[in-house]
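Colleague: Below: one structure in structure tokens.
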Amino acid sequence: MKKLGGSKFILLLLLIFIVLISLYAIIDYIYYPKITLKKGDIVINLNSKYKEPGYKATYKDEDITNNVFVEGSVNTKKLGVYNINYSVIEGSKIKEVTRKVYVKDLEKPTIQLYDNNDIYVCPDEEFVPSKYKAYDNLDKDITDKVKVIRKGASISYSVKDSSGNETVINKKIHYKDVEGPTISFKTSDKISLALNSKYNDDYTVVDNCDKDNLNVEVTGKVDVKTPGEYIVKYKAVDKYGNKTVKKKKVDVFVKGAKGTVYLTFDDGPREGTTDQILDILKEEHIKATFFVTNSGPDDLIKREYNEGHTVGLHTASHNYSYIYSSIDNYFNDLESVQDRVYKITGNKSKIIRFPGGSSNTISRRYKVGIMSELTKEVVKRGYRYYDWNILSGDAGETTDSRVVYQMVTEKLSKDRVNVVLMHDIKSYTKDALRDIIKYGKENGFIFDKIEDSSEMIVQRVNN
Ligand code: ZN
């Protein structure tokens, strides 16, 4: 026998191997069933849903997909590689294939910056990168992994999570001031001022970049001795040329002049409504008059007084059958609420309102002629009583704040002093108040409180 050389032998072995493999493949192709996996091995995101991508099985051109047995599951909540096995039996021939499903973290971390847009830095100031936070679905807080890189006029924030997902945010830095100074008034930009009272023109001005001696040019003057409408203009320019102009409207009015509106609130105080009414009055820089009883918390009467409103008296009990059955009963009741107010505010009020008004007829049931007597007697004892000439409808006519608004605004007149009857214990009155004030301001009415010097506004006595 002729010996084969070493290299020739290896070549022959290789040849035999290739022939065998090919043979196997041909036999496998012809005689065995075939399974095709759609998409093959796949990668899915952590916590996403795994959905079978599909497969097909054939045997000698016949579709036998329905005979395929699928085994294995994917836990998408856990990183890892999962095998899904597909097998099909045709006679004694078994075909098996495996799909690998890689559950990976594909989600990028997020970087939260406090400058939303481009960054503006004052021209003569050093840029300090703002604070940031980085968060990843898997690694949670990765703020300490954030890399901040500055290159000239740009800055980049980048962070990588443990799975290698990266987030990069690039921002431009502009060394430019684009903001004008801020001018703010101690009072509001629309104020009403009683004739001859003191005008407070205090204002402050600040600028984001210009820290030294910012100049404000004020044009226009307020003459507190002459009634009228005054506009004062405030202009400030920072050293980079940004300008701010603000206007202030000052109405110098004669106390008790026609067109004045006295907002009056009866039957309070009451927690939940009076406090909110006080908030609105404060925001609108308006003073009003409260005719209080012995109900409600003391601190709301204290607030009314401290915030500059008039605290008037409405009787302690508001009980018609008691207060209108005798002169003594009425004054006992009035003195009771007077004591309360005095204890809270340290001030005795001379301003009163009769429950039901001086024109009420209900008092006839308890004592004929009592209102004729009382209206004279209260004045004799130094009190001043105030009825009203505008009903807000909140005493029973309506519970709708829109109706309250309408009833008040349609009756406001420039030809008289307006006294509006309202109740601070009613939520719908509170809800209508802001719009009533807005309407009044826009239409040139002056809101004021009743004071000791205010002329009495009374109705015709009917009993
Ligand atoms: Zn009342």
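In the structure tokens, chains take the letters A, B, ... in the order shown, each chain's residues start at 1, and ligands count up from 1 in the order shown.
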Counting only C-alpha atoms and all ligand atoms, give me one row per residue of chain A with an atom at most 7 Å from an atom of ligand 1, showing the shortest contact pair and its distance in Å to one decimal, sorted by chain then residue number, as CSV.
Modeller:
residue,atom,partner,partner_atom_place_in_ligand_line,distance
A:Asp266,CA,ligand 1,1 (Zn),5.2
A:Asp267,CA,ligand 1,1 (Zn),4.9
A:His314,CA,ligand 1,1 (Zn),6.8
A:His318,CA,ligand 1,1 (Zn),6.6
A:Pro355,CA,ligand 1,1 (Zn),4.6
A:Gly356,CA,ligand 1,1 (Zn),6.0
Colleague: Could you take the residues named above and write them with N, CA, C and O atoms, as a compact mmCIF listing (two decimals), in the first residue's frame?
Modeller:
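Just written: selection28.txt:
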# COMPACT_ATOMS: atom_id res chain seq x y z
N ASP A 266 -72.76 92.04 55.85
CA ASP A 266 -73.51 91.83 57.10
C ASP A 266 -73.44 90.39 57.58
O ASP A 266 -73.15 89.47 56.81
N ASP A 267 -73.77 90.24 58.86
CA ASP A 267 -74.04 88.93 59.51
C ASP A 267 -72.81 88.09 59.82
O ASP A 267 -72.94 87.00 60.37
N HIS A 314 -74.01 95.20 64.00
CA HIS A 314 -75.25 94.74 63.36
C HIS A 314 -76.19 94.11 64.39
O HIS A 314 -77.16 93.47 64.02
N HIS A 318 -79.10 89.30 66.20
CA HIS A 318 -79.81 89.38 64.92
C HIS A 318 -81.20 88.74 65.05
O HIS A 318 -81.79 88.30 64.07
N PRO A 355 -80.63 95.24 61.63
CA PRO A 355 -81.02 94.01 60.95
C PRO A 355 -82.33 94.26 60.18
O PRO A 355 -83.28 94.81 60.74
N GLY A 356 -82.32 93.92 58.91
CA GLY A 356 -83.49 94.18 58.06
C GLY A 356 -83.54 95.62 57.55
O GLY A 356 -84.43 95.98 56.77
Colleague: Can you build me a table of range 355-425 of chain A residues sitting at most 10 Å from range 441-461 of chain A, with the closest atom pair per residue and its distance in Å to one decimal, using only C-alpha atoms, sorted by chain and residue number, as JSON lines?
Modeller:
{"residue": "A:Gly357", "atom": "CA", "partner": "A:Gln459", "partner_atom": "CA", "distance": 7.7}
{"residue": "A:Ser358", "atom": "CA", "partner": "A:Val461", "partner_atom": "CA", "distance": 5.7}
{"residue": "A:Ser359", "atom": "CA", "partner": "A:Val461", "partner_atom": "CA", "distance": 4.3}
{"residue": "A:Asn360", "atom": "CA", "partner": "A:Val461", "partner_atom": "CA", "distance": 7.4}
{"residue": "A:Thr361", "atom": "CA", "partner": "A:Val461", "partner_atom": "CA", "distance": 8.6}
{"residue": "A:Gly369", "atom": "CA", "partner": "A:Val461", "partner_atom": "CA", "distance": 9.3}
{"residue": "A:Ile370", "atom": "CA", "partner": "A:Val461", "partner_atom": "CA", "distance": 9.8}
{"residue": "A:Met371", "atom": "CA", "partner": "A:Val461", "partner_atom": "CA", "distance": 6.6}
{"residue": "A:Ser372", "atom": "CA", "partner": "A:Val461", "partner_atom": "CA", "distance": 6.4}
{"residue": "A:Glu373", "atom": "CA", "partner": "A:Val461", "partner_atom": "CA", "distance": 10.0}
{"residue": "A:Thr375", "atom": "CA", "partner": "A:Val461", "partner_atom": "CA", "distance": 8.3}
{"residue": "A:Tyr383", "atom": "CA", "partner": "A:Asp452", "partner_atom": "CA", "distance": 9.0}
{"residue": "A:Arg384", "atom": "CA", "partner": "A:Met456", "partner_atom": "CA", "distance": 6.5}
{"residue": "A:Tyr385", "atom": "CA", "partner": "A:Met456", "partner_atom": "CA", "distance": 6.3}
{"residue": "A:Tyr386", "atom": "CA", "partner": "A:Ile457", "partner_atom": "CA", "distance": 5.1}
{"residue": "A:Asp387", "atom": "CA", "partner": "A:Val458", "partner_atom": "CA", "distance": 4.9}
{"residue": "A:Trp388", "atom": "CA", "partner": "A:Ile457", "partner_atom": "CA", "distance": 6.8}
{"residue": "A:Asn389", "atom": "CA", "partner": "A:Gln459", "partner_atom": "CA", "distance": 8.2}
{"residue": "A:Leu412", "atom": "CA", "partner": "A:Phe445", "partner_atom": "CA", "distance": 8.5}
{"residue": "A:Ser413", "atom": "CA", "partner": "A:Phe445", "partner_atom": "CA", "distance": 8.5}
{"residue": "A:Lys414", "atom": "CA", "partner": "A:Phe445", "partner_atom": "CA", "distance": 7.4}
{"residue": "A:Val417", "atom": "CA", "partner": "A:Ile457", "partner_atom": "CA", "distance": 8.5}
{"residue": "A:Asn418", "atom": "CA", "partner": "A:Ile457", "partner_atom": "CA", "distance": 9.2}
{"residue": "A:Val419", "atom": "CA", "partner": "A:Ile457", "partner_atom": "CA", "distance": 7.9}
Colleague: Would you save the residues from that selection as a compact mmCIF listing (two decimals), in the first residue's frame, using N, CA, C and O atoms?
Modeller:
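Written file, part.txt:
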# COMPACT_ATOMS: atom_id res chain seq x y z
N GLY A 357 -82.64 96.47 57.99
CA GLY A 357 -82.60 97.86 57.56
C GLY A 357 -83.60 98.71 58.34
O GLY A 357 -84.49 98.18 59.01
N SER A 358 -83.44 100.03 58.26
CA SER A 358 -84.33 100.91 59.02
C SER A 358 -85.75 100.89 58.47
O SER A 358 -86.70 101.26 59.15
N SER A 359 -85.91 100.43 57.23
CA SER A 359 -87.24 100.45 56.60
C SER A 359 -88.00 99.14 56.82
O SER A 359 -89.08 98.96 56.28
N ASN A 360 -87.44 98.23 57.61
CA ASN A 360 -88.09 96.92 57.76
C ASN A 360 -89.48 97.03 58.35
O ASN A 360 -89.77 97.92 59.16
N THR A 361 -90.36 96.11 57.94
CA THR A 361 -91.73 96.11 58.46
C THR A 361 -91.95 94.93 59.41
O THR A 361 -92.96 94.86 60.10
N GLY A 369 -94.19 100.91 65.64
CA GLY A 369 -93.52 102.22 65.75
C GLY A 369 -92.09 102.16 66.25
O GLY A 369 -91.44 103.20 66.40
N ILE A 370 -91.56 100.97 66.46
CA ILE A 370 -90.22 100.90 67.10
C ILE A 370 -89.11 101.46 66.20
O ILE A 370 -88.15 102.08 66.70
N MET A 371 -89.23 101.30 64.89
CA MET A 371 -88.17 101.81 64.02
C MET A 371 -88.13 103.34 64.04
O MET A 371 -87.04 103.93 63.98
N SER A 372 -89.30 103.96 64.11
CA SER A 372 -89.33 105.43 64.19
C SER A 372 -88.61 105.89 65.45
O SER A 372 -87.86 106.87 65.41
N GLU A 373 -88.80 105.17 66.51
CA GLU A 373 -88.13 105.52 67.79
C GLU A 373 -86.63 105.23 67.71
O GLU A 373 -85.81 106.07 68.06
N THR A 375 -84.54 104.80 65.16
CA THR A 375 -83.72 105.59 64.24
C THR A 375 -83.36 106.95 64.86
O THR A 375 -82.28 107.47 64.61
N TYR A 383 -74.65 107.21 67.57
CA TYR A 383 -74.41 106.24 66.48
C TYR A 383 -74.81 106.84 65.14
O TYR A 383 -75.55 107.82 65.09
N ARG A 384 -74.29 106.25 64.10
CA ARG A 384 -74.71 106.62 62.74
C ARG A 384 -75.10 105.33 62.04
O ARG A 384 -74.37 104.35 62.07
N TYR A 385 -76.32 105.34 61.47
CA TYR A 385 -76.75 104.09 60.83
C TYR A 385 -76.77 104.21 59.31
O TYR A 385 -77.00 105.27 58.76
N TYR A 386 -76.49 103.11 58.69
CA TYR A 386 -76.36 103.08 57.23
C TYR A 386 -77.22 101.98 56.65
O TYR A 386 -77.07 100.81 57.02
N ASP A 387 -78.14 102.35 55.78
CA ASP A 387 -78.89 101.35 55.02
C ASP A 387 -78.14 101.09 53.72
O ASP A 387 -76.93 101.20 53.69
N TRP A 388 -78.86 100.81 52.66
CA TRP A 388 -78.20 100.50 51.39
C TRP A 388 -79.07 100.97 50.24
O TRP A 388 -80.26 101.25 50.43
N ASN A 389 -78.50 101.10 49.08
CA ASN A 389 -79.31 101.39 47.89
C ASN A 389 -79.07 100.40 46.76
O ASN A 389 -79.62 100.52 45.69
N LEU A 412 -74.91 99.99 39.91
CA LEU A 412 -73.89 100.97 40.28
C LEU A 412 -74.12 102.25 39.49
O LEU A 412 -74.37 102.22 38.29
N SER A 413 -74.03 103.39 40.18
CA SER A 413 -74.31 104.66 39.52
C SER A 413 -73.26 105.69 39.87
O SER A 413 -72.76 105.75 40.99
N LYS A 414 -72.97 106.54 38.87
CA LYS A 414 -72.02 107.64 39.09
C LYS A 414 -72.73 108.86 39.67
O LYS A 414 -72.09 109.87 39.95
N VAL A 417 -73.81 108.08 45.86
CA VAL A 417 -72.92 107.18 46.61
C VAL A 417 -73.63 105.84 46.65
O VAL A 417 -74.81 105.76 46.96
N ASN A 418 -72.91 104.78 46.26
CA ASN A 418 -73.51 103.45 46.19
C ASN A 418 -73.20 102.65 47.46
O ASN A 418 -72.03 102.52 47.83
N VAL A 419 -74.26 102.17 48.10
CA VAL A 419 -74.03 101.30 49.25
C VAL A 419 -74.58 99.92 48.89
O VAL A 419 -75.77 99.75 48.64
Colleague: Do you know which residues are at most 8 Å from range 248-256 of chain A counting only C-alpha atoms, after dropping those on the same chain fewer than 2 positions away, and could you put them as an NGL selection string?
Modeller: :A and (188-195 or 222-224 or 226-233 or 246 or 258 or 260 or 417 or 446 or 454-455)
Colleague: Given the selection you just returned, output its residues as a file containing C-alpha atoms, formatted as a PDB file, in the first residue's frame.
Modeller:
ATOM      1  CA  SER A 188     -50.495  98.233  43.536  1.00  0.00           C
ATOM      2  CA  ASP A 189     -50.131  99.834  40.119  1.00  0.00           C
ATOM      3  CA  LYS A 190     -53.711 101.101  40.325  1.00  0.00           C
ATOM      4  CA  ILE A 191     -54.578 102.974  43.477  1.00  0.00           C
ATOM      5  CA  SER A 192     -57.326 105.210  44.759  1.00  0.00           C
ATOM      6  CA  LEU A 193     -56.324 107.961  47.109  1.00  0.00           C
ATOM      7  CA  ALA A 194     -58.656 110.114  49.181  1.00  0.00           C
ATOM      8  CA  LEU A 195     -58.153 113.839  48.647  1.00  0.00           C
ATOM      9  CA  VAL A 222     -49.704 113.131  41.780  1.00  0.00           C
ATOM     10  CA  ASP A 223     -51.394 116.189  43.225  1.00  0.00           C
ATOM     11  CA  VAL A 224     -53.177 114.915  46.319  1.00  0.00           C
ATOM     12  CA  THR A 226     -56.683 118.068  43.339  1.00  0.00           C
ATOM     13  CA  PRO A 227     -59.099 115.259  42.517  1.00  0.00           C
ATOM     14  CA  GLY A 228     -58.397 113.477  39.261  1.00  0.00           C
ATOM     15  CA  GLU A 229     -56.681 110.623  37.566  1.00  0.00           C
ATOM     16  CA  TYR A 230     -52.882 110.682  37.477  1.00  0.00           C
ATOM     17  CA  ILE A 231     -50.493 108.499  35.540  1.00  0.00           C
ATOM     18  CA  VAL A 232     -46.929 108.213  36.765  1.00  0.00           C
ATOM     19  CA  LYS A 233     -44.365 106.591  34.484  1.00  0.00           C
ATOM     20  CA  LYS A 246     -44.040 100.687  34.255  1.00  0.00           C
ATOM     21  CA  LYS A 258     -70.720 110.552  43.718  1.00  0.00           C
ATOM     22  CA  THR A 260     -68.158 106.029  45.477  1.00  0.00           C
ATOM     23  CA  VAL A 417     -72.919 107.183  46.608  1.00  0.00           C
ATOM     24  CA  ILE A 446     -64.054 104.352  43.728  1.00  0.00           C
ATOM     25  CA  SER A 454     -69.407 109.453  55.992  1.00  0.00           C
ATOM     26  CA  GLU A 455     -72.836 110.860  55.351  1.00  0.00           C
TER      27      GLU A 455
END
Colleague: For each of A:Asn347, A:Ser184, A:Ser92, A:Thr409, take the minimum atom-to-atom distance to Leu263 in chain A, counting only C-alpha atoms, then give the residue where this is smallest.
Modeller: A:Thr409
Colleague: Could you check the closest approach to Tyr405 in chain A for each of A:Asn200, A:Asn329, A:Thr76, A:Thr429 and tell me which residue wins, using only C-alpha atoms?
Modeller: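 Nearest to Tyr405 in chain A: A:Thr429.
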Colleague: Set the distance at 9 Å and use only C-alpha atoms: which residues neighbour range 41-57 of chain A once local chain neighbours fewer than 2 positions away are removed? I'd like the list as a PyMOL selection string.
Modeller: chain A and resi 33-39+59+62-68+74-79+86+88+98-107
Colleague: Write down as a PyMOL selection string the residues of range 71-295 of chain A whose backbone DSSP state falls under strand (DSSP E or B).
Modeller: chain A and resi 71+80-90+93-104+110-113+119-121+132-136+140-141+147-151+154-160+166-175+182-185+190-194+203-206+216-219+228-237+243-253+260-266+289-292
Colleague: One decimal, Å: what's the distance from CA of Asn117 in chain A over to CA of Cys209 in chain A, could you say?
Modeller: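 CA of Cys209 in chain A lies 18.6 Å from CA of Asn117 in chain A.
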Colleague: Please provide the set of residues having any atom within 9 Å of Asp201 in chain A, restricted to only C-alpha atoms, with same-chain residues fewer than 2 positions apart removed, written as a PyMOL selection string.
Modeller: chain A and resi 185-187+199+203
Colleague: Find the distance between CA of Asn463 in chain A and CA of Arg353 in chain A and write it in Å to one decimal.
Modeller: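 These atoms are spaced 16.1 Å apart.
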Colleague: How many Å separate CA of Val128 in chain A from CA of Asp212 in chain A?
Modeller: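 Distance reported for this atom pair: 21.3 Å.
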Colleague: Tell me which of A:Asn196, A:Gln338, A:Asn137, A:Asn242 sits closest to Asn208 in chain A, counting only C-alpha atoms.
Modeller: A:Asn242
Colleague: Write out as a VMD selection string the residues lying within 9 Å of Pro181 in chain A, counting only C-alpha atoms and excluding same-chain residues fewer than 2 positions away.
Modeller: chain A and resid 179 183 205 to 210 214 236 to 238 242 to 244
Colleague: Can I get the selection written as a tab-separated table (two decimals), in the first residue's frame, with N, CA and C atoms?
Modeller:
chain	number	residue	atom	x	y	z
A	179	GLU	N	-32.46	90.72	29.88
A	179	GLU	CA	-33.56	91.03	30.79
A	179	GLU	C	-33.50	92.47	31.25
A	183	ILE	N	-39.17	96.71	38.14
A	183	ILE	CA	-39.63	97.80	39.00
A	183	ILE	C	-40.86	97.30	39.75
A	205	VAL	N	-36.23	98.91	42.53
A	205	VAL	CA	-35.79	98.48	41.22
A	205	VAL	C	-34.58	97.55	41.39
A	206	VAL	N	-34.65	96.43	40.71
A	206	VAL	CA	-33.53	95.50	40.74
A	206	VAL	C	-33.26	95.00	39.32
A	207	ASP	N	-32.02	94.63	39.08
A	207	ASP	CA	-31.68	94.09	37.77
A	207	ASP	C	-30.84	92.84	37.94
A	208	ASN	N	-31.01	91.90	37.03
A	208	ASN	CA	-30.28	90.64	37.11
A	208	ASN	C	-28.77	90.81	36.95
A	209	CYS	N	-28.35	91.77	36.11
A	209	CYS	CA	-26.92	91.93	35.83
A	209	CYS	C	-26.33	93.24	36.37
A	210	ASP	N	-27.15	94.27	36.36
A	210	ASP	CA	-26.65	95.59	36.73
A	210	ASP	C	-26.91	95.82	38.21
A	214	LEU	N	-28.74	101.77	39.81
A	214	LEU	CA	-29.65	101.75	38.68
A	214	LEU	C	-30.56	102.98	38.77
A	236	ALA	N	-36.61	102.51	33.64
A	236	ALA	CA	-35.27	102.13	34.08
A	236	ALA	C	-34.55	101.42	32.94
A	237	VAL	N	-33.27	101.76	32.75
A	237	VAL	CA	-32.47	101.10	31.71
A	237	VAL	C	-31.21	100.55	32.37
A	238	ASP	N	-30.91	99.30	32.14
A	238	ASP	CA	-29.68	98.75	32.73
A	238	ASP	C	-28.48	99.06	31.84
A	242	ASN	N	-31.10	97.26	28.31
A	242	ASN	CA	-32.46	96.70	28.44
A	242	ASN	C	-33.34	97.66	29.24
A	243	LYS	N	-34.51	97.92	28.67
A	243	LYS	CA	-35.36	98.96	29.23
A	243	LYS	C	-36.64	98.37	29.83
A	244	THR	N	-37.08	98.94	30.94
A	244	THR	CA	-38.37	98.56	31.52
A	244	THR	C	-39.17	99.83	31.80
Colleague: Select, from A:Leu300, A:Ile18, A:Leu11, A:Ala395, the residue with the minimum atom-to-atom distance to Ile277 in chain A, counting only C-alpha atoms.
Modeller: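 Ranked by minimum distance to Ile277 in chain A, first place goes to A:Leu300.
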Colleague: Might you pull out every residue within 7 Å of Ser392 in chain A, with only C-alpha atoms counted and same-chain residues fewer than 6 positions away left off, and present them as a list in words?
Modeller: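 The neighbour list is Val404, Met407, Val408, Val420, Leu421 and Met422 of chain A.
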Colleague: Apply DSSP to the backbone of this structure and, from range 249-337 of chain A, keep only the residues in alpha helix (DSSP H); write these as an MDAnalysis selection string.
Modeller: chainID A and resid 274:283 298:306 320:323 327:337
